[in-house]
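File shown: run_23.cif. Contents: mmCIF, N, CA and C atoms.
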```cif
data_start
#
loop_
_atom_site.label_atom_id
_atom_site.label_comp_id
_atom_site.auth_asym_id
_atom_site.auth_seq_id
_atom_site.Cartn_x
_atom_site.Cartn_y
_atom_site.Cartn_z
N MET A 41 -10.73 37.13 -29.00
CA MET A 41 -11.34 37.07 -30.31
C MET A 41 -10.84 38.27 -31.12
N PRO A 42 -10.48 38.03 -32.38
CA PRO A 42 -10.03 39.14 -33.21
C PRO A 42 -11.10 40.22 -33.35
N ARG A 43 -10.66 41.47 -33.40
CA ARG A 43 -11.60 42.61 -33.45
C ARG A 43 -12.51 42.56 -34.68
N ASP A 44 -11.98 42.14 -35.83
CA ASP A 44 -12.82 42.13 -37.03
C ASP A 44 -13.91 41.07 -36.96
N VAL A 45 -13.64 39.95 -36.29
CA VAL A 45 -14.66 38.92 -36.08
C VAL A 45 -15.75 39.48 -35.16
N GLU A 46 -15.33 40.06 -34.06
CA GLU A 46 -16.29 40.61 -33.10
C GLU A 46 -17.11 41.73 -33.74
N HIS A 47 -16.45 42.59 -34.50
CA HIS A 47 -17.16 43.70 -35.15
C HIS A 47 -18.26 43.18 -36.07
N THR A 48 -17.95 42.18 -36.89
CA THR A 48 -18.94 41.63 -37.81
C THR A 48 -20.07 40.96 -37.04
N ALA A 49 -19.75 40.21 -35.99
CA ALA A 49 -20.78 39.54 -35.19
C ALA A 49 -21.72 40.56 -34.55
N ARG A 50 -21.17 41.62 -34.00
CA ARG A 50 -21.99 42.67 -33.37
C ARG A 50 -22.86 43.40 -34.41
N ALA A 51 -22.26 43.75 -35.53
CA ALA A 51 -23.00 44.49 -36.57
C ALA A 51 -24.12 43.63 -37.16
N PHE A 52 -23.85 42.35 -37.40
CA PHE A 52 -24.87 41.45 -37.93
C PHE A 52 -26.03 41.33 -36.94
N THR A 53 -25.71 41.12 -35.67
CA THR A 53 -26.75 40.94 -34.66
C THR A 53 -27.63 42.17 -34.57
N THR A 54 -27.03 43.33 -34.58
CA THR A 54 -27.80 44.57 -34.51
C THR A 54 -28.73 44.68 -35.73
N ALA A 55 -28.20 44.46 -36.91
CA ALA A 55 -29.00 44.54 -38.13
C ALA A 55 -30.14 43.52 -38.12
N TYR A 56 -29.85 42.32 -37.64
CA TYR A 56 -30.80 41.22 -37.66
C TYR A 56 -31.94 41.39 -36.64
N ALA A 57 -31.64 41.98 -35.50
CA ALA A 57 -32.60 42.03 -34.40
C ALA A 57 -33.36 43.34 -34.27
N GLU A 58 -32.90 44.40 -34.93
CA GLU A 58 -33.60 45.68 -34.81
C GLU A 58 -34.70 45.78 -35.87
N HIS A 59 -35.89 46.22 -35.41
CA HIS A 59 -37.05 46.39 -36.29
C HIS A 59 -37.69 47.74 -35.98
N ASP A 60 -38.28 48.34 -37.00
CA ASP A 60 -38.93 49.63 -36.80
C ASP A 60 -40.29 49.61 -37.48
N ALA A 61 -41.33 49.41 -36.68
CA ALA A 61 -42.70 49.28 -37.20
C ALA A 61 -43.46 50.60 -37.18
N ARG A 62 -42.74 51.70 -37.00
CA ARG A 62 -43.39 53.00 -37.07
C ARG A 62 -43.73 53.31 -38.53
N ASP A 63 -44.73 54.16 -38.70
CA ASP A 63 -45.15 54.54 -40.06
C ASP A 63 -43.96 55.08 -40.85
N GLY A 64 -43.83 54.59 -42.09
CA GLY A 64 -42.77 55.07 -42.96
C GLY A 64 -41.41 54.45 -42.73
N LYS A 65 -41.33 53.48 -41.86
CA LYS A 65 -40.03 52.83 -41.57
C LYS A 65 -40.02 51.46 -42.24
N ASP A 66 -39.72 50.38 -41.52
CA ASP A 66 -39.68 49.04 -42.12
C ASP A 66 -41.05 48.67 -42.70
N ASP A 67 -41.02 47.94 -43.81
CA ASP A 67 -42.25 47.46 -44.44
C ASP A 67 -42.67 46.09 -43.93
N SER A 68 -41.72 45.34 -43.38
CA SER A 68 -42.01 44.01 -42.86
C SER A 68 -40.90 43.58 -41.91
N TYR A 69 -41.14 42.49 -41.23
CA TYR A 69 -40.14 41.93 -40.32
C TYR A 69 -38.88 41.55 -41.10
N ALA A 70 -39.06 41.18 -42.36
CA ALA A 70 -37.94 40.74 -43.20
C ALA A 70 -36.97 41.86 -43.56
N ASP A 71 -37.36 43.12 -43.36
CA ASP A 71 -36.43 44.22 -43.65
C ASP A 71 -35.15 44.10 -42.83
N ALA A 72 -35.28 43.66 -41.59
CA ALA A 72 -34.08 43.48 -40.76
C ALA A 72 -33.19 42.39 -41.36
N GLY A 73 -33.80 41.32 -41.85
CA GLY A 73 -33.03 40.27 -42.50
C GLY A 73 -32.29 40.77 -43.72
N ALA A 74 -32.93 41.67 -44.47
CA ALA A 74 -32.27 42.25 -45.65
C ALA A 74 -31.06 43.08 -45.23
N ARG A 75 -31.18 43.81 -44.12
CA ARG A 75 -30.03 44.59 -43.64
C ARG A 75 -28.91 43.64 -43.19
N ALA A 76 -29.28 42.58 -42.50
CA ALA A 76 -28.28 41.62 -42.01
C ALA A 76 -27.63 40.86 -43.17
N ALA A 77 -28.35 40.66 -44.25
CA ALA A 77 -27.82 39.90 -45.39
C ALA A 77 -26.56 40.53 -45.96
N ARG A 78 -26.39 41.83 -45.78
CA ARG A 78 -25.18 42.50 -46.28
C ARG A 78 -23.92 42.02 -45.54
N LEU A 79 -24.13 41.42 -44.37
CA LEU A 79 -23.00 40.90 -43.58
C LEU A 79 -22.98 39.37 -43.58
N ALA A 80 -23.72 38.78 -44.51
CA ALA A 80 -23.79 37.33 -44.62
C ALA A 80 -23.29 36.90 -45.99
N THR A 81 -23.15 35.61 -46.15
CA THR A 81 -22.73 35.07 -47.44
C THR A 81 -23.35 33.70 -47.63
N GLY A 82 -23.25 33.19 -48.84
CA GLY A 82 -23.75 31.86 -49.13
C GLY A 82 -25.27 31.80 -49.07
N GLU A 83 -25.78 30.62 -48.79
CA GLU A 83 -27.21 30.39 -48.75
C GLU A 83 -27.91 31.29 -47.75
N LEU A 84 -27.26 31.55 -46.62
CA LEU A 84 -27.88 32.38 -45.58
C LEU A 84 -28.22 33.77 -46.11
N ALA A 85 -27.34 34.37 -46.89
CA ALA A 85 -27.59 35.72 -47.41
C ALA A 85 -28.87 35.76 -48.23
N GLY A 86 -29.14 34.72 -49.00
CA GLY A 86 -30.35 34.67 -49.81
C GLY A 86 -31.61 34.43 -49.01
N VAL A 87 -31.49 33.74 -47.90
CA VAL A 87 -32.65 33.38 -47.08
C VAL A 87 -33.08 34.51 -46.15
N LEU A 88 -32.15 35.31 -45.70
CA LEU A 88 -32.43 36.29 -44.65
C LEU A 88 -33.54 37.28 -45.00
N ALA A 89 -33.60 37.75 -46.23
CA ALA A 89 -34.56 38.79 -46.59
C ALA A 89 -35.91 38.24 -47.03
N GLN A 90 -36.06 36.92 -47.03
CA GLN A 90 -37.32 36.34 -47.45
C GLN A 90 -38.40 36.58 -46.40
N LYS A 91 -39.58 36.94 -46.87
CA LYS A 91 -40.72 37.06 -45.97
C LYS A 91 -41.24 35.65 -45.71
N ARG A 92 -41.42 35.33 -44.43
CA ARG A 92 -41.89 34.00 -44.05
C ARG A 92 -43.17 34.14 -43.22
N PRO A 93 -44.13 33.25 -43.42
CA PRO A 93 -45.38 33.32 -42.65
C PRO A 93 -45.15 33.30 -41.14
N SER A 94 -44.08 32.68 -40.69
CA SER A 94 -43.81 32.61 -39.25
C SER A 94 -43.50 33.98 -38.66
N GLN A 95 -43.22 34.97 -39.51
CA GLN A 95 -42.92 36.33 -39.04
C GLN A 95 -44.16 37.20 -38.91
N ASP A 96 -45.27 36.76 -39.49
CA ASP A 96 -46.46 37.60 -39.57
C ASP A 96 -46.98 38.05 -38.21
N ALA A 97 -47.06 37.15 -37.26
CA ALA A 97 -47.62 37.50 -35.95
C ALA A 97 -46.72 38.50 -35.22
N ALA A 98 -45.41 38.28 -35.27
CA ALA A 98 -44.49 39.20 -34.60
C ALA A 98 -44.56 40.59 -35.23
N TRP A 99 -44.62 40.63 -36.56
CA TRP A 99 -44.70 41.92 -37.24
C TRP A 99 -46.03 42.62 -36.94
N ALA A 100 -47.12 41.87 -36.94
CA ALA A 100 -48.43 42.46 -36.64
C ALA A 100 -48.44 43.07 -35.24
N ALA A 101 -47.82 42.40 -34.29
CA ALA A 101 -47.77 42.92 -32.91
C ALA A 101 -46.97 44.22 -32.86
N LEU A 102 -45.83 44.26 -33.55
CA LEU A 102 -45.03 45.48 -33.58
C LEU A 102 -45.78 46.61 -34.29
N ARG A 103 -46.43 46.31 -35.39
CA ARG A 103 -47.18 47.33 -36.13
C ARG A 103 -48.34 47.87 -35.30
N ALA A 104 -49.02 47.00 -34.56
CA ALA A 104 -50.15 47.45 -33.74
C ALA A 104 -49.70 48.50 -32.73
N GLU A 105 -48.49 48.35 -32.23
CA GLU A 105 -47.94 49.30 -31.25
C GLU A 105 -47.12 50.42 -31.89
N LYS A 106 -46.89 50.29 -33.21
CA LYS A 106 -45.97 51.20 -33.91
C LYS A 106 -44.67 51.28 -33.11
N ALA A 107 -44.15 50.10 -32.83
CA ALA A 107 -42.98 49.96 -31.95
C ALA A 107 -41.67 49.93 -32.72
N ARG A 108 -40.65 50.32 -32.03
CA ARG A 108 -39.28 50.25 -32.54
C ARG A 108 -38.50 49.34 -31.60
N GLN A 109 -37.74 48.40 -32.18
CA GLN A 109 -36.90 47.52 -31.38
C GLN A 109 -35.44 47.90 -31.61
N THR A 110 -34.72 48.10 -30.52
CA THR A 110 -33.30 48.44 -30.58
C THR A 110 -32.50 47.43 -29.79
N VAL A 111 -31.23 47.33 -30.14
CA VAL A 111 -30.34 46.32 -29.57
C VAL A 111 -29.18 47.00 -28.86
N GLU A 112 -28.86 46.50 -27.68
CA GLU A 112 -27.62 46.87 -27.00
C GLU A 112 -26.84 45.58 -26.76
N ILE A 113 -25.72 45.43 -27.44
CA ILE A 113 -24.90 44.23 -27.31
C ILE A 113 -24.26 44.22 -25.92
N THR A 114 -24.39 43.09 -25.23
CA THR A 114 -23.79 42.97 -23.90
C THR A 114 -22.53 42.10 -23.90
N SER A 115 -22.42 41.18 -24.87
CA SER A 115 -21.19 40.39 -24.99
C SER A 115 -21.15 39.69 -26.34
N ALA A 116 -19.94 39.38 -26.77
CA ALA A 116 -19.70 38.57 -27.96
C ALA A 116 -18.53 37.66 -27.62
N VAL A 117 -18.80 36.36 -27.51
CA VAL A 117 -17.80 35.42 -27.04
C VAL A 117 -17.85 34.13 -27.86
N VAL A 118 -16.75 33.39 -27.81
CA VAL A 118 -16.74 32.04 -28.35
C VAL A 118 -17.46 31.17 -27.31
N PRO A 119 -18.51 30.44 -27.71
CA PRO A 119 -19.26 29.63 -26.75
C PRO A 119 -18.40 28.56 -26.09
N ASP A 120 -18.71 28.22 -24.85
CA ASP A 120 -18.01 27.13 -24.17
C ASP A 120 -18.07 25.87 -25.02
N GLY A 121 -16.95 25.21 -25.18
CA GLY A 121 -16.88 23.97 -25.93
C GLY A 121 -16.73 24.14 -27.43
N ALA A 122 -16.83 25.36 -27.92
CA ALA A 122 -16.67 25.60 -29.36
C ALA A 122 -15.18 25.69 -29.69
N PRO A 123 -14.84 25.37 -30.94
CA PRO A 123 -13.43 25.51 -31.32
C PRO A 123 -12.99 26.97 -31.28
N ALA A 124 -11.71 27.17 -31.08
CA ALA A 124 -11.15 28.52 -31.08
C ALA A 124 -11.30 29.13 -32.47
N VAL A 125 -11.31 30.44 -32.53
CA VAL A 125 -11.35 31.16 -33.80
C VAL A 125 -10.08 30.86 -34.57
N THR A 126 -10.23 30.58 -35.86
CA THR A 126 -9.08 30.36 -36.73
C THR A 126 -9.01 31.52 -37.73
N LYS A 127 -8.06 31.45 -38.65
CA LYS A 127 -7.95 32.48 -39.67
C LYS A 127 -9.10 32.43 -40.66
N SER A 128 -9.84 31.31 -40.69
CA SER A 128 -10.90 31.17 -41.68
C SER A 128 -12.30 30.98 -41.12
N SER A 129 -12.45 30.65 -39.83
CA SER A 129 -13.80 30.42 -39.31
C SER A 129 -13.90 30.74 -37.82
N ALA A 130 -15.13 31.00 -37.41
CA ALA A 130 -15.38 31.33 -36.00
C ALA A 130 -16.82 31.01 -35.66
N LEU A 131 -17.02 30.60 -34.42
CA LEU A 131 -18.36 30.48 -33.84
C LEU A 131 -18.42 31.52 -32.73
N VAL A 132 -19.48 32.33 -32.75
CA VAL A 132 -19.61 33.42 -31.79
C VAL A 132 -21.03 33.43 -31.23
N ARG A 133 -21.15 33.60 -29.93
CA ARG A 133 -22.46 33.80 -29.31
C ARG A 133 -22.53 35.26 -28.88
N VAL A 134 -23.54 35.95 -29.40
CA VAL A 134 -23.73 37.36 -29.09
C VAL A 134 -24.94 37.49 -28.17
N ALA A 135 -24.73 38.12 -27.02
CA ALA A 135 -25.82 38.39 -26.08
C ALA A 135 -26.17 39.86 -26.20
N TYR A 136 -27.47 40.15 -26.07
CA TYR A 136 -27.89 41.54 -26.21
C TYR A 136 -29.19 41.78 -25.44
N THR A 137 -29.42 43.05 -25.16
CA THR A 137 -30.69 43.48 -24.58
C THR A 137 -31.52 44.06 -25.72
N LEU A 138 -32.72 43.51 -25.89
CA LEU A 138 -33.64 43.99 -26.90
C LEU A 138 -34.65 44.90 -26.21
N THR A 139 -34.73 46.13 -26.66
CA THR A 139 -35.69 47.09 -26.10
C THR A 139 -36.77 47.36 -27.13
N THR A 140 -38.01 47.09 -26.75
CA THR A 140 -39.16 47.35 -27.61
C THR A 140 -39.85 48.59 -27.06
N THR A 141 -39.88 49.64 -27.87
CA THR A 141 -40.46 50.92 -27.45
C THR A 141 -41.69 51.19 -28.30
N PRO A 142 -42.89 51.02 -27.70
CA PRO A 142 -44.12 51.31 -28.45
C PRO A 142 -44.34 52.82 -28.58
N GLN A 143 -45.21 53.19 -29.50
CA GLN A 143 -45.50 54.60 -29.69
C GLN A 143 -46.04 55.21 -28.39
N SER A 144 -46.82 54.45 -27.65
CA SER A 144 -47.29 54.92 -26.35
C SER A 144 -47.15 53.78 -25.35
N GLY A 145 -46.87 54.12 -24.11
CA GLY A 145 -46.68 53.11 -23.09
C GLY A 145 -45.21 52.87 -22.82
N PRO A 146 -44.95 52.10 -21.77
CA PRO A 146 -43.57 51.88 -21.37
C PRO A 146 -42.81 50.93 -22.30
N ALA A 147 -41.51 51.13 -22.35
CA ALA A 147 -40.64 50.24 -23.12
C ALA A 147 -40.51 48.90 -22.38
N ARG A 148 -40.27 47.85 -23.15
CA ARG A 148 -40.04 46.51 -22.58
C ARG A 148 -38.64 46.07 -22.97
N ARG A 149 -37.96 45.41 -22.04
CA ARG A 149 -36.60 44.91 -22.30
C ARG A 149 -36.56 43.41 -22.07
N SER A 150 -35.77 42.75 -22.90
CA SER A 150 -35.55 41.32 -22.71
C SER A 150 -34.10 40.99 -23.05
N SER A 151 -33.58 39.97 -22.39
CA SER A 151 -32.22 39.50 -22.67
C SER A 151 -32.31 38.41 -23.73
N GLU A 152 -31.55 38.57 -24.79
CA GLU A 152 -31.57 37.65 -25.93
C GLU A 152 -30.15 37.23 -26.28
N HIS A 153 -30.03 36.21 -27.11
CA HIS A 153 -28.72 35.82 -27.63
C HIS A 153 -28.90 35.11 -28.95
N ILE A 154 -27.83 35.09 -29.72
CA ILE A 154 -27.83 34.43 -31.02
C ILE A 154 -26.46 33.83 -31.24
N ALA A 155 -26.43 32.66 -31.85
CA ALA A 155 -25.17 32.02 -32.21
C ALA A 155 -24.93 32.24 -33.70
N LEU A 156 -23.69 32.55 -34.05
CA LEU A 156 -23.32 32.82 -35.43
C LEU A 156 -22.12 31.98 -35.85
N ARG A 157 -22.17 31.47 -37.06
CA ARG A 157 -20.98 30.87 -37.66
C ARG A 157 -20.48 31.86 -38.70
N LEU A 158 -19.22 32.23 -38.58
CA LEU A 158 -18.62 33.19 -39.51
C LEU A 158 -17.47 32.54 -40.27
N GLU A 159 -17.28 33.01 -41.49
CA GLU A 159 -16.15 32.58 -42.30
C GLU A 159 -15.47 33.81 -42.87
N HIS A 160 -14.16 33.70 -43.04
CA HIS A 160 -13.42 34.80 -43.65
C HIS A 160 -13.52 34.65 -45.16
N THR A 161 -13.96 35.71 -45.83
CA THR A 161 -14.14 35.73 -47.28
C THR A 161 -13.27 36.84 -47.87
N PRO A 162 -13.17 36.93 -49.17
CA PRO A 162 -12.42 38.05 -49.76
C PRO A 162 -12.98 39.42 -49.35
N ALA A 163 -14.27 39.47 -48.98
CA ALA A 163 -14.90 40.72 -48.55
C ALA A 163 -14.77 40.94 -47.04
N GLY A 164 -14.07 40.05 -46.35
CA GLY A 164 -13.94 40.14 -44.90
C GLY A 164 -14.76 39.05 -44.23
N TRP A 165 -14.97 39.16 -42.93
CA TRP A 165 -15.74 38.18 -42.18
C TRP A 165 -17.22 38.32 -42.52
N ARG A 166 -17.87 37.19 -42.78
CA ARG A 166 -19.29 37.16 -43.09
C ARG A 166 -19.94 36.02 -42.32
N VAL A 167 -21.21 36.19 -41.97
CA VAL A 167 -21.97 35.17 -41.28
C VAL A 167 -22.47 34.17 -42.30
N THR A 168 -22.25 32.88 -42.03
CA THR A 168 -22.68 31.82 -42.96
C THR A 168 -23.82 30.97 -42.42
N ALA A 169 -24.05 31.01 -41.11
CA ALA A 169 -25.11 30.19 -40.53
C ALA A 169 -25.49 30.73 -39.16
N LEU A 170 -26.70 30.38 -38.75
CA LEU A 170 -27.19 30.68 -37.41
C LEU A 170 -27.42 29.35 -36.71
N PRO A 171 -26.35 28.71 -36.23
CA PRO A 171 -26.50 27.40 -35.61
C PRO A 171 -27.33 27.51 -34.34
N TRP A 172 -28.06 26.49 -34.06
CA TRP A 172 -28.89 26.38 -32.85
C TRP A 172 -30.03 27.38 -32.84
N ALA A 173 -30.35 27.98 -33.98
CA ALA A 173 -31.44 28.95 -34.02
C ALA A 173 -32.75 28.28 -34.36
#
```

Could the structure of this file be written out as structure tokens, please?
Amino acid sequence: MPRDVEHTARAFTTAYAEHDARDGKDDSYADAGARAARLATGELAGVLAQKRPSQDAAWAALRAEKARQTVEITSAVVPDGAPAVTKSSALVRVAYTLTTTPQSGPARRSSEHIALRLEHTPAGWRVTALPWA
């Protein structure tokens, strides 16, 4: 996979999945979407930063713990059966470890993954969709 495709996929995933519910940090779960939107284009870029009721419970849980979520990317690959990366488009599956660290108590880790559709734009590679999400 070309380095610039992988770089964008990794950077988007990190921006999209990291949240900081400590005082004075993120204001909502959607803040991560706003950060990720800078690496997206088209309809997806407009949707990412929107606050959605489906996020309320997850954000409330993080706020109750004043937790910070961090991402460690473990792989970025073209999924089995997906077309090869071309000069204009790519499908990438990014696997990562999500660590949730509450203000007090032990950290929790989980293995996560996200599928991304990327397109090459005049601004470089950008995420256009989250297929299978």

**Item:** Residues of stretch 62-151 of chain A in strand (DSSP E or B), written as a list in words
**Value:**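 Answer for stretch 62-151 of chain A, restricted to strand (DSSP E or B): Ala80, Arg108, Gln109, Thr110, Val111, Glu112, Ile113, Thr114, Ser115, Ala116, Val117, Ser129, Ala130, Leu131, Val132, Arg133, Val134, Ala135, Tyr136, Thr137, Leu138, Thr139, Thr140, Thr141, Arg148, Arg149, Ser150 and Ser151 of chain A.
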
Would you export the selected residues with N, CA and C atoms as a tab-separated table (two decimals), in the coordinates of the input, please?
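Result file follows (result.tsv):
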```tsv
chain	number	residue	atom	x	y	z
A	80	ALA	N	-23.72	38.78	-44.51
A	80	ALA	CA	-23.79	37.33	-44.62
A	80	ALA	C	-23.29	36.90	-45.99
A	108	ARG	N	-40.65	50.32	-32.03
A	108	ARG	CA	-39.28	50.25	-32.54
A	108	ARG	C	-38.50	49.34	-31.60
A	109	GLN	N	-37.74	48.40	-32.18
A	109	GLN	CA	-36.90	47.52	-31.38
A	109	GLN	C	-35.44	47.90	-31.61
A	110	THR	N	-34.72	48.10	-30.52
A	110	THR	CA	-33.30	48.44	-30.58
A	110	THR	C	-32.50	47.43	-29.79
A	111	VAL	N	-31.23	47.33	-30.14
A	111	VAL	CA	-30.34	46.32	-29.57
A	111	VAL	C	-29.18	47.00	-28.86
A	112	GLU	N	-28.86	46.50	-27.68
A	112	GLU	CA	-27.62	46.87	-27.00
A	112	GLU	C	-26.84	45.58	-26.76
A	113	ILE	N	-25.72	45.43	-27.44
A	113	ILE	CA	-24.90	44.23	-27.31
A	113	ILE	C	-24.26	44.22	-25.92
A	114	THR	N	-24.39	43.09	-25.23
A	114	THR	CA	-23.79	42.97	-23.90
A	114	THR	C	-22.53	42.10	-23.90
A	115	SER	N	-22.42	41.18	-24.87
A	115	SER	CA	-21.19	40.39	-24.99
A	115	SER	C	-21.15	39.69	-26.34
A	116	ALA	N	-19.94	39.38	-26.77
A	116	ALA	CA	-19.70	38.57	-27.96
A	116	ALA	C	-18.53	37.66	-27.62
A	117	VAL	N	-18.80	36.36	-27.51
A	117	VAL	CA	-17.80	35.42	-27.04
A	117	VAL	C	-17.85	34.13	-27.86
A	129	SER	N	-12.45	30.65	-39.83
A	129	SER	CA	-13.80	30.42	-39.31
A	129	SER	C	-13.90	30.74	-37.82
A	130	ALA	N	-15.13	31.00	-37.41
A	130	ALA	CA	-15.38	31.33	-36.00
A	130	ALA	C	-16.82	31.01	-35.66
A	131	LEU	N	-17.02	30.60	-34.42
A	131	LEU	CA	-18.36	30.48	-33.84
A	131	LEU	C	-18.42	31.52	-32.73
A	132	VAL	N	-19.48	32.33	-32.75
A	132	VAL	CA	-19.61	33.42	-31.79
A	132	VAL	C	-21.03	33.43	-31.23
A	133	ARG	N	-21.15	33.60	-29.93
A	133	ARG	CA	-22.46	33.80	-29.31
A	133	ARG	C	-22.53	35.26	-28.88
A	134	VAL	N	-23.54	35.95	-29.40
A	134	VAL	CA	-23.73	37.36	-29.09
A	134	VAL	C	-24.94	37.49	-28.17
A	135	ALA	N	-24.73	38.12	-27.02
A	135	ALA	CA	-25.82	38.39	-26.08
A	135	ALA	C	-26.17	39.86	-26.20
A	136	TYR	N	-27.47	40.15	-26.07
A	136	TYR	CA	-27.89	41.54	-26.21
A	136	TYR	C	-29.19	41.78	-25.44
A	137	THR	N	-29.42	43.05	-25.16
A	137	THR	CA	-30.69	43.48	-24.58
A	137	THR	C	-31.52	44.06	-25.72
A	138	LEU	N	-32.72	43.51	-25.89
A	138	LEU	CA	-33.64	43.99	-26.90
A	138	LEU	C	-34.65	44.90	-26.21
A	139	THR	N	-34.73	46.13	-26.66
A	139	THR	CA	-35.69	47.09	-26.10
A	139	THR	C	-36.77	47.36	-27.13
A	140	THR	N	-38.01	47.09	-26.75
A	140	THR	CA	-39.16	47.35	-27.61
A	140	THR	C	-39.85	48.59	-27.06
A	141	THR	N	-39.88	49.64	-27.87
A	141	THR	CA	-40.46	50.92	-27.45
A	141	THR	C	-41.69	51.19	-28.30
A	148	ARG	N	-40.27	47.85	-23.15
A	148	ARG	CA	-40.04	46.51	-22.58
A	148	ARG	C	-38.64	46.07	-22.97
A	149	ARG	N	-37.96	45.41	-22.04
A	149	ARG	CA	-36.60	44.91	-22.30
A	149	ARG	C	-36.56	43.41	-22.07
A	150	SER	N	-35.77	42.75	-22.90
A	150	SER	CA	-35.55	41.32	-22.71
A	150	SER	C	-34.10	40.99	-23.05
A	151	SER	N	-33.58	39.97	-22.39
A	151	SER	CA	-32.22	39.50	-22.67
A	151	SER	C	-32.31	38.41	-23.73
```

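Of the residues under consideration (A:Ala130, A:Ala89, A:Ala122, A:Ala107), A:Ala130 shows the shortest atom-to-atom contact distance to A:His160 when counting only C-alpha atoms.
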
**Request:** Would you please extract all helix (DSSP H, G or I) residues from stretch 75-163 of chain A, as assigned by DSSP on the backbone, and give them as a VMD selection string?
**Result:** chain A and resid 75 to 77 82 to 88 93 to 105

**Asked** Which distance in Å separates atom C of A:Val111 and atom C of A:Ala135, to one decimal?
**Response**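 Atom C of A:Val111 sits 8.2 Å away from atom C of A:Ala135.
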
**Request:** Kindly indicate which residue among A:Thr126, A:Thr53, A:Thr81, A:Gln95 lies nearest to A:Ala169, using all atoms listed in the file for the distances.
**Result:** A:Thr81

**Request:** Would you write out, as a PyMOL selection string, every residue that the PyMOL selection byres (((chain A and resi 143-145 and name CA) around 9) and name CA) captures in this file?
**Result:** chain A and resi 62+105-108+141-142+146-147

Can you write out the residues you just picked, keeping N, CA and C atoms, as an mmCIF file, in the coordinates of the input?
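File written: selection_23.cif
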```
data_model
loop_
_atom_site.group_PDB
_atom_site.id
_atom_site.type_symbol
_atom_site.label_atom_id
_atom_site.label_comp_id
_atom_site.auth_asym_id
_atom_site.auth_seq_id
_atom_site.Cartn_x
_atom_site.Cartn_y
_atom_site.Cartn_z
ATOM 1 N N ARG A 62 -42.740 51.700 -37.000
ATOM 2 C CA ARG A 62 -43.390 53.000 -37.070
ATOM 3 C C ARG A 62 -43.730 53.310 -38.530
ATOM 4 N N GLU A 105 -48.490 48.350 -32.230
ATOM 5 C CA GLU A 105 -47.940 49.300 -31.250
ATOM 6 C C GLU A 105 -47.120 50.420 -31.890
ATOM 7 N N LYS A 106 -46.890 50.290 -33.210
ATOM 8 C CA LYS A 106 -45.970 51.200 -33.910
ATOM 9 C C LYS A 106 -44.670 51.280 -33.110
ATOM 10 N N ALA A 107 -44.150 50.100 -32.830
ATOM 11 C CA ALA A 107 -42.980 49.960 -31.950
ATOM 12 C C ALA A 107 -41.670 49.930 -32.720
ATOM 13 N N ARG A 108 -40.650 50.320 -32.030
ATOM 14 C CA ARG A 108 -39.280 50.250 -32.540
ATOM 15 C C ARG A 108 -38.500 49.340 -31.600
ATOM 16 N N THR A 141 -39.880 49.640 -27.870
ATOM 17 C CA THR A 141 -40.460 50.920 -27.450
ATOM 18 C C THR A 141 -41.690 51.190 -28.300
ATOM 19 N N PRO A 142 -42.890 51.020 -27.700
ATOM 20 C CA PRO A 142 -44.120 51.310 -28.450
ATOM 21 C C PRO A 142 -44.340 52.820 -28.580
ATOM 22 N N PRO A 146 -44.950 52.100 -21.770
ATOM 23 C CA PRO A 146 -43.570 51.880 -21.370
ATOM 24 C C PRO A 146 -42.810 50.930 -22.300
ATOM 25 N N ALA A 147 -41.510 51.130 -22.350
ATOM 26 C CA ALA A 147 -40.640 50.240 -23.120
ATOM 27 C C ALA A 147 -40.510 48.900 -22.380
#
```

**Message:** For a test of reading the model, state the distance in Å between atom CA of A:Gly64 and atom N of A:Val167, rounded to one decimal.
**Reply:** 28.7 Å

**Asked** Hey, can you check how far atom CA of A:Ser128 sits from atom C of A:Leu156?
**Response**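 According to the coordinates, atom CA of A:Ser128 and atom C of A:Leu156 are separated by 12.7 Å.
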
**Prompt:** Mind telling me what the PyMOL selection byres ((chain A and resi 46-48) around 8) catches here, as a count of residues only?
**Reply:** 17
